[in-house]
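Structure file work.csv; described as CSV, C-alpha atoms.
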```
chain,number,residue,atom,x,y,z
A,1,MET,CA,-119.3,-0.2,-8.1
A,2,ASN,CA,-122.4,1.8,-9.1
A,3,ASP,CA,-121.7,3.8,-12.3
A,4,LYS,CA,-123.0,6.9,-10.7
A,5,LEU,CA,-120.4,6.7,-7.9
A,6,GLN,CA,-117.6,6.3,-10.3
A,7,HIS,CA,-118.1,10.0,-11.3
A,8,ILE,CA,-117.7,11.4,-7.8
A,9,PRO,CA,-114.3,13.1,-7.6
A,10,GLU,CA,-111.6,11.1,-5.8
A,11,GLU,CA,-110.9,14.0,-3.5
A,12,ALA,CA,-114.4,13.6,-2.0
A,13,PHE,CA,-113.4,10.1,-0.8
A,14,ASP,CA,-110.2,11.6,0.5
A,15,TRP,CA,-112.1,14.2,2.5
A,16,TYR,CA,-114.4,11.5,4.0
A,17,ASP,CA,-111.3,9.5,5.0
A,18,GLU,CA,-109.8,12.5,6.7
A,19,TYR,CA,-113.1,13.3,8.4
A,20,ALA,CA,-113.6,9.7,9.5
A,21,HIS,CA,-110.2,9.6,11.1
A,22,GLY,CA,-110.3,12.8,13.0
A,23,GLY,CA,-108.4,15.1,10.6
A,24,MET,CA,-111.4,17.2,9.7
A,25,ASP,CA,-114.6,18.2,11.6
A,26,ARG,CA,-118.0,17.6,10.2
A,27,ARG,CA,-118.6,21.2,9.4
A,28,THR,CA,-115.5,21.4,7.3
A,29,PHE,CA,-116.3,18.1,5.6
A,30,MET,CA,-119.8,19.3,4.6
A,31,LYS,CA,-118.4,22.7,3.5
A,32,LYS,CA,-116.0,20.9,1.1
A,33,LEU,CA,-118.8,18.8,-0.2
A,34,GLY,CA,-120.6,22.0,-0.8
A,35,THR,CA,-117.9,23.1,-3.3
A,36,LEU,CA,-118.8,20.1,-5.4
A,37,VAL,CA,-122.5,20.9,-5.2
A,38,ALA,CA,-121.6,24.4,-6.5
A,39,VAL,CA,-120.2,22.8,-9.7
A,40,GLY,CA,-123.2,20.5,-10.3
A,41,TYR,CA,-123.0,17.5,-8.0
A,42,SER,CA,-126.0,16.5,-5.9
A,43,MET,CA,-125.5,16.6,-2.2
A,44,SER,CA,-127.8,13.6,-1.8
A,45,VAL,CA,-125.7,11.6,-4.2
A,46,LEU,CA,-122.5,12.7,-2.5
A,47,THR,CA,-123.7,11.8,1.0
A,48,SER,CA,-125.3,8.5,-0.1
A,49,ALA,CA,-122.0,7.5,-1.6
A,50,LEU,CA,-119.8,8.6,1.3
A,51,LEU,CA,-121.8,8.0,4.5
A,52,PRO,CA,-122.8,4.5,5.6
A,53,ASN,CA,-126.2,2.9,4.9
A,54,TYR,CA,-126.3,-0.1,7.1
A,55,ALA,CA,-129.4,-1.5,5.5
A,56,LEU,CA,-127.0,-2.5,2.7
A,57,ALA,CA,-124.7,-4.3,5.0
A,58,GLU,CA,-126.6,-7.5,5.9
A,59,GLN,CA,-125.3,-10.5,4.1
A,60,VAL,CA,-126.3,-13.0,6.8
A,61,SER,CA,-129.5,-12.3,8.7
A,62,PHE,CA,-129.5,-12.5,12.5
A,63,ASN,CA,-132.4,-14.9,12.0
A,64,ASP,CA,-130.4,-17.3,9.8
A,65,ASP,CA,-131.1,-20.9,10.9
A,66,ASP,CA,-127.4,-21.8,10.5
A,67,ILE,CA,-126.2,-19.5,13.3
A,68,LYS,CA,-127.0,-18.3,16.7
A,69,ALA,CA,-125.9,-15.1,18.4
A,70,THR,CA,-125.7,-13.8,21.9
A,71,TYR,CA,-124.1,-11.0,23.8
A,72,GLU,CA,-121.4,-12.0,26.2
A,73,GLU,CA,-119.4,-10.0,28.8
A,74,PHE,CA,-115.8,-10.6,29.8
A,75,SER,CA,-113.4,-9.4,32.4
A,76,SER,CA,-110.8,-6.8,31.5
A,77,PRO,CA,-108.8,-5.9,34.6
A,78,LYS,CA,-106.1,-3.9,32.7
A,79,GLY,CA,-108.7,-2.2,30.5
A,80,HIS,CA,-112.1,-0.8,31.5
A,81,GLY,CA,-112.8,-3.6,34.0
A,82,LYS,CA,-115.4,-5.3,31.9
A,83,GLY,CA,-116.1,-5.7,28.2
A,84,ARG,CA,-119.0,-6.9,26.1
A,85,GLY,CA,-119.3,-8.3,22.6
A,86,TYR,CA,-121.4,-10.1,20.0
A,87,LEU,CA,-120.8,-13.9,20.0
A,88,VAL,CA,-121.9,-15.8,16.9
A,89,GLN,CA,-121.6,-19.5,16.4
A,90,PRO,CA,-122.8,-22.1,14.0
A,91,SER,CA,-126.1,-23.6,15.1
A,92,GLN,CA,-124.6,-27.1,15.3
A,93,GLU,CA,-122.9,-27.1,18.7
A,94,LYS,CA,-119.5,-28.7,19.1
A,95,ALA,CA,-116.6,-28.3,21.5
A,96,ASP,CA,-113.7,-27.4,19.2
A,97,TYR,CA,-114.5,-24.5,16.8
A,98,PRO,CA,-111.7,-22.5,15.3
A,99,VAL,CA,-112.3,-19.0,16.8
A,100,VAL,CA,-112.0,-15.5,15.2
A,101,LEU,CA,-112.0,-12.2,17.0
A,102,VAL,CA,-113.7,-9.5,14.8
A,103,ILE,CA,-112.5,-5.9,15.5
A,104,HIS,CA,-114.5,-2.9,14.4
A,105,GLU,CA,-113.4,0.4,12.9
A,106,ASN,CA,-112.9,3.6,15.0
A,107,ARG,CA,-116.6,4.0,15.8
A,108,GLY,CA,-117.8,1.0,17.8
A,109,LEU,CA,-119.6,-2.2,17.0
A,110,ASN,CA,-121.8,-1.1,14.1
A,111,PRO,CA,-124.2,-3.4,12.0
A,112,TYR,CA,-121.6,-4.0,9.3
A,113,VAL,CA,-119.1,-5.5,11.7
A,114,LYS,CA,-121.8,-7.6,13.4
A,115,ASP,CA,-122.6,-8.9,10.0
A,116,VAL,CA,-119.0,-9.8,9.4
A,117,ALA,CA,-119.1,-11.9,12.6
A,118,ARG,CA,-122.3,-13.7,11.3
A,119,ARG,CA,-120.5,-14.4,8.0
A,120,LEU,CA,-117.7,-16.1,9.9
A,121,ALA,CA,-120.1,-18.2,11.9
A,122,LYS,CA,-121.9,-19.1,8.7
A,123,ALA,CA,-118.5,-20.4,7.4
A,124,GLY,CA,-118.0,-22.6,10.5
A,125,PHE,CA,-116.1,-20.4,13.0
A,126,LEU,CA,-117.0,-19.2,16.4
A,127,ALA,CA,-116.8,-15.4,16.1
A,128,PHE,CA,-116.7,-12.7,18.7
A,129,ALA,CA,-117.0,-9.0,18.0
A,130,PRO,CA,-116.3,-6.8,21.0
A,131,ASP,CA,-117.6,-3.3,21.3
A,132,ALA,CA,-115.0,-0.8,22.5
A,133,LEU,CA,-117.8,1.6,23.4
A,134,PHE,CA,-119.4,-0.7,26.0
A,135,PRO,CA,-117.9,1.3,28.9
A,136,LEU,CA,-119.9,4.3,27.6
A,137,GLY,CA,-123.1,2.4,26.9
A,138,GLY,CA,-122.1,0.7,23.6
A,139,TYR,CA,-122.4,1.7,19.9
A,140,PRO,CA,-124.9,4.6,19.9
A,141,GLY,CA,-126.6,3.8,16.6
A,142,ASN,CA,-124.8,6.3,14.4
A,143,ASP,CA,-121.2,6.5,13.3
A,144,ASP,CA,-120.6,10.2,14.0
A,145,GLU,CA,-121.5,9.8,17.7
A,146,GLY,CA,-119.7,6.5,17.9
A,147,ARG,CA,-116.5,8.0,16.4
A,148,ALA,CA,-116.6,10.9,18.9
A,149,MET,CA,-117.2,8.4,21.8
A,150,GLN,CA,-114.3,6.2,20.8
A,151,ARG,CA,-112.0,9.2,20.4
A,152,SER,CA,-112.8,10.4,23.9
A,153,MET,CA,-111.7,7.1,25.5
A,154,ASP,CA,-108.3,6.0,26.8
A,155,ARG,CA,-106.7,4.2,23.8
A,156,ALA,CA,-104.4,2.1,26.0
A,157,LYS,CA,-107.4,0.8,27.9
A,158,ILE,CA,-109.2,0.1,24.7
A,159,GLN,CA,-106.2,-2.0,23.5
A,160,GLN,CA,-106.2,-3.9,26.8
A,161,ASP,CA,-109.9,-4.6,26.4
A,162,PHE,CA,-109.2,-6.2,23.1
A,163,VAL,CA,-106.4,-8.2,24.6
A,164,ALA,CA,-108.8,-9.4,27.2
A,165,ALA,CA,-111.4,-10.2,24.6
A,166,ALA,CA,-108.9,-12.3,22.7
A,167,HIS,CA,-108.1,-14.4,25.8
A,168,PHE,CA,-111.8,-14.7,26.5
A,169,LEU,CA,-112.5,-16.1,23.1
A,170,LYS,CA,-109.4,-18.3,22.9
A,171,GLN,CA,-110.3,-19.9,26.2
A,172,HIS,CA,-114.0,-20.3,25.4
A,173,LYS,CA,-115.4,-23.7,26.2
A,174,GLN,CA,-116.2,-24.3,22.5
A,175,SER,CA,-112.8,-23.1,21.2
A,176,ASN,CA,-110.2,-25.4,19.7
A,177,GLY,CA,-107.6,-23.1,21.2
A,178,LYS,CA,-106.5,-21.6,17.9
A,179,LEU,CA,-107.3,-17.9,17.6
A,180,GLY,CA,-107.6,-15.8,14.5
A,181,ALA,CA,-108.3,-12.1,14.4
A,182,VAL,CA,-109.7,-9.9,11.5
A,183,GLY,CA,-110.1,-6.2,11.8
A,184,PHE,CA,-110.9,-3.1,9.6
A,185,CYS,CA,-109.1,0.3,9.8
A,186,PHE,CA,-108.7,0.8,13.6
A,187,GLY,CA,-109.5,-2.9,13.8
A,188,GLY,CA,-106.7,-3.7,11.3
A,189,TYR,CA,-104.3,-1.8,13.6
A,190,MET,CA,-105.6,-3.8,16.5
A,191,VAL,CA,-104.9,-7.1,14.7
A,192,ASN,CA,-101.3,-6.0,14.2
A,193,TYR,CA,-101.2,-4.9,17.8
A,194,LEU,CA,-102.5,-8.2,19.2
A,195,ALA,CA,-99.9,-10.1,17.1
A,196,ALA,CA,-97.1,-7.9,18.4
A,197,ILE,CA,-98.1,-7.4,22.1
A,198,ASP,CA,-98.1,-11.2,22.8
A,199,SER,CA,-96.4,-13.5,20.4
A,200,THR,CA,-98.4,-16.5,21.7
A,201,LEU,CA,-101.8,-15.0,21.4
A,202,LEU,CA,-102.8,-15.3,17.8
A,203,HIS,CA,-102.5,-18.2,15.4
A,204,ALA,CA,-103.5,-16.0,12.4
A,205,GLY,CA,-104.2,-12.4,11.7
A,206,VAL,CA,-105.9,-10.6,8.9
A,207,PRO,CA,-105.6,-6.8,9.1
A,208,PHE,CA,-107.7,-4.9,6.5
A,209,TYR,CA,-106.1,-1.5,5.8
A,210,GLY,CA,-104.6,-1.2,9.3
A,211,THR,CA,-101.4,0.5,10.4
A,212,PRO,CA,-98.8,-1.5,12.2
A,213,ALA,CA,-98.1,-1.7,15.9
A,214,ALA,CA,-95.4,0.4,17.4
A,215,LYS,CA,-92.0,-0.3,15.9
A,216,GLU,CA,-90.5,-1.6,19.1
A,217,LEU,CA,-93.2,-4.3,19.4
A,218,ARG,CA,-92.9,-5.7,15.9
A,219,ALA,CA,-90.0,-8.1,16.6
A,220,ASN,CA,-92.4,-10.1,18.8
A,221,ILE,CA,-94.7,-11.1,16.0
A,222,LYS,CA,-94.9,-14.8,15.3
A,223,ALA,CA,-98.4,-15.3,13.9
A,224,PRO,CA,-98.8,-15.6,10.2
A,225,LEU,CA,-100.5,-12.5,8.7
A,226,LEU,CA,-102.6,-11.9,5.6
A,227,ILE,CA,-102.5,-8.2,5.0
A,228,GLN,CA,-105.2,-6.6,2.9
A,229,LEU,CA,-104.6,-3.1,1.4
A,230,GLY,CA,-106.4,-0.9,-1.1
A,231,GLU,CA,-104.3,0.6,-3.9
A,232,LEU,CA,-105.8,4.1,-3.4
A,233,ASP,CA,-105.4,4.2,0.4
A,234,ALA,CA,-102.3,6.4,0.6
A,235,ARG,CA,-102.6,7.2,4.3
A,236,VAL,CA,-102.3,3.5,5.4
A,237,ASN,CA,-100.1,2.3,2.5
A,238,LYS,CA,-97.3,4.7,3.4
A,239,SER,CA,-96.6,2.6,6.5
A,240,TRP,CA,-96.3,-0.7,4.6
A,241,PRO,CA,-92.7,-0.6,3.3
A,242,GLU,CA,-91.2,-0.2,6.7
A,243,TYR,CA,-93.6,-2.7,8.2
A,244,GLU,CA,-92.7,-5.2,5.6
A,245,LYS,CA,-89.0,-4.8,6.4
A,246,ASP,CA,-89.8,-5.4,10.0
A,247,LEU,CA,-91.8,-8.5,9.3
A,248,GLN,CA,-89.0,-9.9,7.1
A,249,SER,CA,-86.5,-9.1,9.9
A,250,ALA,CA,-88.6,-11.0,12.4
A,251,GLY,CA,-89.1,-14.0,10.1
A,252,VAL,CA,-92.8,-13.6,10.0
A,253,GLU,CA,-94.9,-15.6,7.5
A,254,TYR,CA,-97.0,-13.0,5.7
A,255,GLN,CA,-98.8,-12.4,2.5
A,256,MET,CA,-99.8,-8.9,1.3
A,257,HIS,CA,-102.5,-8.3,-1.3
A,258,MET,CA,-102.9,-4.8,-2.8
A,259,TYR,CA,-106.3,-4.5,-4.4
A,260,LYS,CA,-106.3,-2.5,-7.6
A,261,ASN,CA,-108.2,0.7,-7.6
A,262,ALA,CA,-109.6,-0.1,-4.1
A,263,LYS,CA,-110.1,2.7,-1.5
A,264,HIS,CA,-109.7,2.6,2.2
A,265,GLY,CA,-112.7,0.7,3.5
A,266,PHE,CA,-113.3,-1.2,0.3
A,267,HIS,CA,-114.7,-4.2,2.2
A,268,ASN,CA,-117.4,-2.2,4.0
A,269,ASP,CA,-120.5,-2.8,1.9
A,270,SER,CA,-122.5,0.0,3.6
A,271,THR,CA,-120.7,2.9,1.8
A,272,GLY,CA,-119.8,3.9,-1.7
A,273,ARG,CA,-116.2,3.0,-1.1
A,274,TYR,CA,-117.3,-0.7,-1.2
A,275,ASP,CA,-115.7,-2.5,-4.1
A,276,LYS,CA,-117.7,-5.7,-4.6
A,277,ASP,CA,-115.2,-7.7,-6.6
A,278,ASN,CA,-112.2,-6.8,-4.5
A,279,ALA,CA,-114.1,-7.3,-1.3
A,280,GLU,CA,-115.3,-10.7,-2.3
A,281,LEU,CA,-111.9,-11.8,-3.3
A,282,ALA,CA,-110.4,-10.5,-0.1
A,283,TRP,CA,-113.0,-12.3,1.9
A,284,GLN,CA,-112.5,-15.6,0.1
A,285,ARG,CA,-108.7,-15.3,0.8
A,286,THR,CA,-109.5,-14.5,4.5
A,287,LEU,CA,-111.7,-17.6,4.9
A,288,ALA,CA,-109.2,-19.8,3.2
A,289,PHE,CA,-106.4,-18.4,5.4
A,290,PHE,CA,-108.3,-19.0,8.6
A,291,GLN,CA,-109.3,-22.5,7.5
A,292,SER,CA,-105.7,-23.4,6.8
A,293,LYS,CA,-104.2,-21.8,10.0
A,294,LEU,CA,-106.9,-22.5,12.6
A,295,ALA,CA,-108.0,-26.0,11.9
```
Target encoding structure tokens, full file:
Amino acid sequence: MNDKLQHIPEEAFDWYDEYAHGGMDRRTFMKKLGTLVAVGYSMSVLTSALLPNYALAEQVSFNDDDIKATYEEFSSPKGHGKGRGYLVQPSQEKADYPVVLVIHENRGLNPYVKDVARRLAKAGFLAFAPDALFPLGGYPGNDDEGRAMQRSMDRAKIQQDFVAAAHFLKQHKQSNGKLGAVGFCFGGYMVNYLAAIDSTLLHAGVPFYGTPAAKELRANIKAPLLIQLGELDARVNKSWPEYEKDLQSAGVEYQMHMYKNAKHGFHNDSTGRYDKDNAELAWQRTLAFFQSKLA
């Protein structure tokens, strides 16, 4: 992490987390940041650390010769009727790719999540990243508006859209029939939900800092899970002890990694919460897990 960012008080990251998840409006968030400016912090340093800069988030170019990307629509009769997502595959076509659904945070299909899909394709997977905001026109180009749009939508229908997307990908003509899912924050919750709502749907799930599905659904989980948590993410981590007991009761194969000194969102390389060492380790583990479970 940048040395300058290490000096930003931890409560500033907590405020951002509360703001990003609907517990605080933007005016209150900026007012709280103003209290730090009053004691000597620069507002530009604070906002550059806390708010996303998607120019930083491209690890695999959309022009990379090893991949090719398209946008594909799918039917979602129990959701919003129709969905759309970003489909990325290795440039060498074959009929039996392991497939991975990539699920965004609570603000739509932003450039960071699209890059995650490209990283998976670069590693040999057929990756599909749906945009929950498609019924409203798609990700609007900024996270604040995207977050407000997603919050305005029927959550149950969003969930059904991702179930439909999972079936679309699993049944894709280039799929080997083994489906993995990786998601971040809201997307981490959705991975847990997909594993719980249909015990036959997933072959492997990797929720990054996501809360569990409803307790009454958890006994359905059969897919192996690789659970990625940040040590400083108190909001999500408080749900882990009960979730672990339920996974154990259901006989689920799981691994949990708690990343030392990592914040919520530590894998997202567009913000100051990004922790390069922990993110790279978590990603190496993710790829190895999918390679072992989806081949």
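The gap separating CA of Ser270 (chain A) from CA of Gly183 (chain A) is 16.1 Å, in Å to one decimal.
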Using all atoms listed in the file, pick whichever of A:Ser75, A:Asn192, A:Gln89, A:Ser44 has the shortest atom-to-atom distance to Ala204 (chain A).
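Smallest distance to Ala204 (chain A) is found for A:Asn192.
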Contacts of region 93-105 of chain A within 8 Å, only C-alpha atoms, excl. fewer than 2 positions in-chain, as a ChimeraX atom specification:
/A:90-91,107-110,113,116-117,120,124-131,165-166,169-170,173-188,190-191,294-295
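You can rank A:Thr47, A:Thr70, A:Ser152, A:Ser42 by their closest distance to Trp15 (chain A) using all atoms listed in the file, and at the top of that list sits A:Thr47.
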Expressed in Å to a single decimal, how great is the separation between CA of Tyr16 (chain A) and CA of Leu56 (chain A)?
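It comes out at 18.9 Å.
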Distance of CA of Phe162 (chain A) from CA of Asn278 (chain A), expressed in Å to one decimal place
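Between CA of Asn278 (chain A) and CA of Phe162 (chain A) the gap works out to 27.8 Å.
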Could you give me, as JSON, numbers by chain, the residues that sit within 6 Å of (-123.0, 5.0, 5.7) in the file's coordinates, counting all atoms listed in the file?
{"A": [51, 52, 53, 270, 271]}
As a PDB file, in the frame of the given file, the rebuilt region 168-179 of chain A with N, CA and C atoms:
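The result, written out as result10.pdb:
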```pdb
ATOM      1  N   PHE A 168    -110.474 -14.205  26.276  1.00  0.00           N
ATOM      2  CA  PHE A 168    -111.800 -14.700  26.500  1.00  0.00           C
ATOM      3  C   PHE A 168    -112.230 -15.706  25.445  1.00  0.00           C
ATOM      4  N   LEU A 169    -112.045 -15.304  24.198  1.00  0.00           N
ATOM      5  CA  LEU A 169    -112.500 -16.100  23.100  1.00  0.00           C
ATOM      6  C   LEU A 169    -111.599 -17.372  22.931  1.00  0.00           C
ATOM      7  N   LYS A 170    -110.297 -17.171  23.053  1.00  0.00           N
ATOM      8  CA  LYS A 170    -109.400 -18.300  22.900  1.00  0.00           C
ATOM      9  C   LYS A 170    -109.659 -19.388  23.932  1.00  0.00           C
ATOM     10  N   GLN A 171    -110.072 -18.971  25.134  1.00  0.00           N
ATOM     11  CA  GLN A 171    -110.300 -19.900  26.200  1.00  0.00           C
ATOM     12  C   GLN A 171    -111.784 -20.347  26.323  1.00  0.00           C
ATOM     13  N   HIS A 172    -112.599 -19.920  25.373  1.00  0.00           N
ATOM     14  CA  HIS A 172    -114.000 -20.300  25.400  1.00  0.00           C
ATOM     15  C   HIS A 172    -114.187 -21.789  25.379  1.00  0.00           C
ATOM     16  N   LYS A 173    -115.207 -22.286  26.044  1.00  0.00           N
ATOM     17  CA  LYS A 173    -115.400 -23.700  26.200  1.00  0.00           C
ATOM     18  C   LYS A 173    -115.615 -24.420  24.826  1.00  0.00           C
ATOM     19  N   GLN A 174    -116.000 -23.655  23.799  1.00  0.00           N
ATOM     20  CA  GLN A 174    -116.200 -24.300  22.500  1.00  0.00           C
ATOM     21  C   GLN A 174    -115.064 -23.936  21.508  1.00  0.00           C
ATOM     22  N   SER A 175    -113.978 -23.395  22.035  1.00  0.00           N
ATOM     23  CA  SER A 175    -112.800 -23.100  21.200  1.00  0.00           C
ATOM     24  C   SER A 175    -111.884 -24.258  21.068  1.00  0.00           C
ATOM     25  N   ASN A 176    -111.247 -24.369  19.910  1.00  0.00           N
ATOM     26  CA  ASN A 176    -110.200 -25.400  19.700  1.00  0.00           C
ATOM     27  C   ASN A 176    -108.838 -24.882  20.179  1.00  0.00           C
ATOM     28  N   GLY A 177    -108.805 -23.670  20.707  1.00  0.00           N
ATOM     29  CA  GLY A 177    -107.600 -23.100  21.200  1.00  0.00           C
ATOM     30  C   GLY A 177    -106.743 -22.346  20.192  1.00  0.00           C
ATOM     31  N   LYS A 178    -107.214 -22.301  18.948  1.00  0.00           N
ATOM     32  CA  LYS A 178    -106.500 -21.600  17.900  1.00  0.00           C
ATOM     33  C   LYS A 178    -107.282 -20.324  17.531  1.00  0.00           C
ATOM     34  N   LEU A 179    -106.655 -19.186  17.770  1.00  0.00           N
ATOM     35  CA  LEU A 179    -107.300 -17.900  17.600  1.00  0.00           C
ATOM     36  C   LEU A 179    -106.855 -17.146  16.403  1.00  0.00           C
TER      37      LEU A 179
END
```
